[in-house]
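**Student:** Mind having a look at this structure? Questions to follow.
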Amino acid sequence: MTFPELFEIILTGDKESSRQAARQVRKLVYSASTNKDYKDLDEIVENAPKTYKKIEDDFRRENFAIAVSVMYFLHGKRNQPDFLFPWLIELIQDENGYIRQAAVRMLENELGPLTYHIRFNDRASNHYGLTAQQSDDILLNLFIKLNNLAADLWEPKYKKYKYVNSLPAGQYKSIQMVLGRIYDDCGQKYSRRFDRLRKQAAAGKTRTIWKTIEDAPDVSLEWENGNLVMKDNGVFDSKALIETNAGGKDGLLRFYFAFTPTYDMEFSKGMAAHFGAAARAAADQYEIKLEAVEIENNHALITALIPFDIAPAKFGNKILKLIGRGKEKIIKNHCYLINGDKPGPEEISKYLDFLEEQNIK
């Protein structure tokens with residue numbers, strides 16, 4: 001049986017046939033003896049994101065991801081090693097653990113070629129014929145994306161886990177597994193360099209909608225007695241290690257959150273009271289201190305002091321969810337998150353204009 005025939009069964013067969021075909025792919029990978037047996041493999045891998053998007057059944061998505069992951073290492077060299085990274089980043093966030101593990105396997109497969117120049121004394125060539133700088137750029141981009149995801153998924157309960165392997169199963173653990181592999185393959189020197197570049201990139205983006213890399217806890221991964229250990233670098237105890245234009249107080253960072261009413265509405269007194277109640281409820285849930293809740297006709301601005309281990313976007317999201325529980329939607333489903341200077345009416349007006357231009361309701 002060929003690869004295309006097995007994948008046809010995965011995509012069209014019944015549940016048991018699909019599962020068995022996915023397992024047969026592994027056997028075919030290791031039993032094929034000629035190039036002819038692999039002639040259709042590249043096309044399957046290259047079209048995997050498009051094929052996956054069309055799959056409706058959960059069990060087929062799982063079987064398809066598993067099957068692609070076991071043959072992924074055989075794909076051709078004509079594509080850059082990161083040509084499927086957007087799809088793999090999507091898979092690693094899936095709720096299905098088998099799909100996440102497939103993504104981890106495929107991402108880790110590319111780390112070998114990408115770290116060739118690091119592991120073999122800066123030799124310029126590798127599996128893909130990339131220069132050292134090209135490999136570094138791809139690695140750094142992946143490093144930043146994974147750190148952003150880890151920041152989004154971070155929860156205070158993870159502080160009690162010393163080893164990555166001991167983390168509860170989930171998206172956060174899967175992401176940390178890949179980050180751990182990056183740290184391991186790149187070594188301490190390169191890993192510190194990537195972390196420094198990540199922070200420099202974040203420092204240059206003090207204003208953004210929703211998220212900045214600075215939201216991530218300052219956690220490093222180190223190998224200790226054969227285990228990957230998560231260690232904070234004192235950032236939770238030292239006010240001097242993190243600085244933003246917005247400043248902070250009592251060991252917390254100051255952030256501003258701007259919300260706007262739907263359509264051409266203005267905030268009435270009743271809407272303002274409803275909004276203020278939602279802000280207080282969200283702050284209480286995450287132990288966030290509210291410094292101010294300012295309501296103007298065309299926007300609401302919250303000034304909040306947030307612990308280092310809470311992603312500010314979570315607070316903004318919670319407010320949106322609480323407001324959205326009512327019968328009438330009173331604010332747009334977006335928040336302008338700022339960790340720079342306090343925005344004035346002109347800057348918020350520009351944000352309102354942006355929403356209008358993008359037709360965001």
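Each chain in the structure tokens gets a letter, A, B, ..., in the order shown, and its residues are numbered from 1; ligands are numbered from 1 in order too.
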Counting only C-alpha atoms, what is within 9 Å of segment 348-352 of chain A, bar same-chain residues fewer than 6 positions away, as a list in words?
**Tutor:**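 Contacts, with the query itself left out: Ala258, Thr260, Asn298, His299 and Tyr336 of chain A.
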**Student:** Leaving out segment 181-184 of chain A and any residue of its chain fewer than 3 positions from it, which residues lie within 9 Å of it when counting only C-alpha atoms, given as an MDAnalysis selection string?
**Tutor:** chainID A and resid 108 111 115 139 143 176:178 187:188 190:192 221:223
**Student:** Would you give me, as an MDAnalysis selection string, the residues in segment 284-323 of chain A that DSSP reads as alpha helix (DSSP H)?
**Tutor:** chainID A and resid 284:286 312:323
**Student:** Do a neighbour search on Tyr286 of chain A at 9 Å with only C-alpha atoms, toss out local chain neighbours closer than 6 positions, and write the hits as a ChimeraX atom specification.
**Tutor:** /A:306-307,310,314-315
**Student:** Here is a test: counting only C-alpha atoms, which residue of A:Lys289, A:Lys332, A:Arg280, A:Lys53 is nearest to Phe255 of chain A?
**Tutor:**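 Looking only at the distances to Phe255 of chain A, the closest residue turns out to be A:Lys289.
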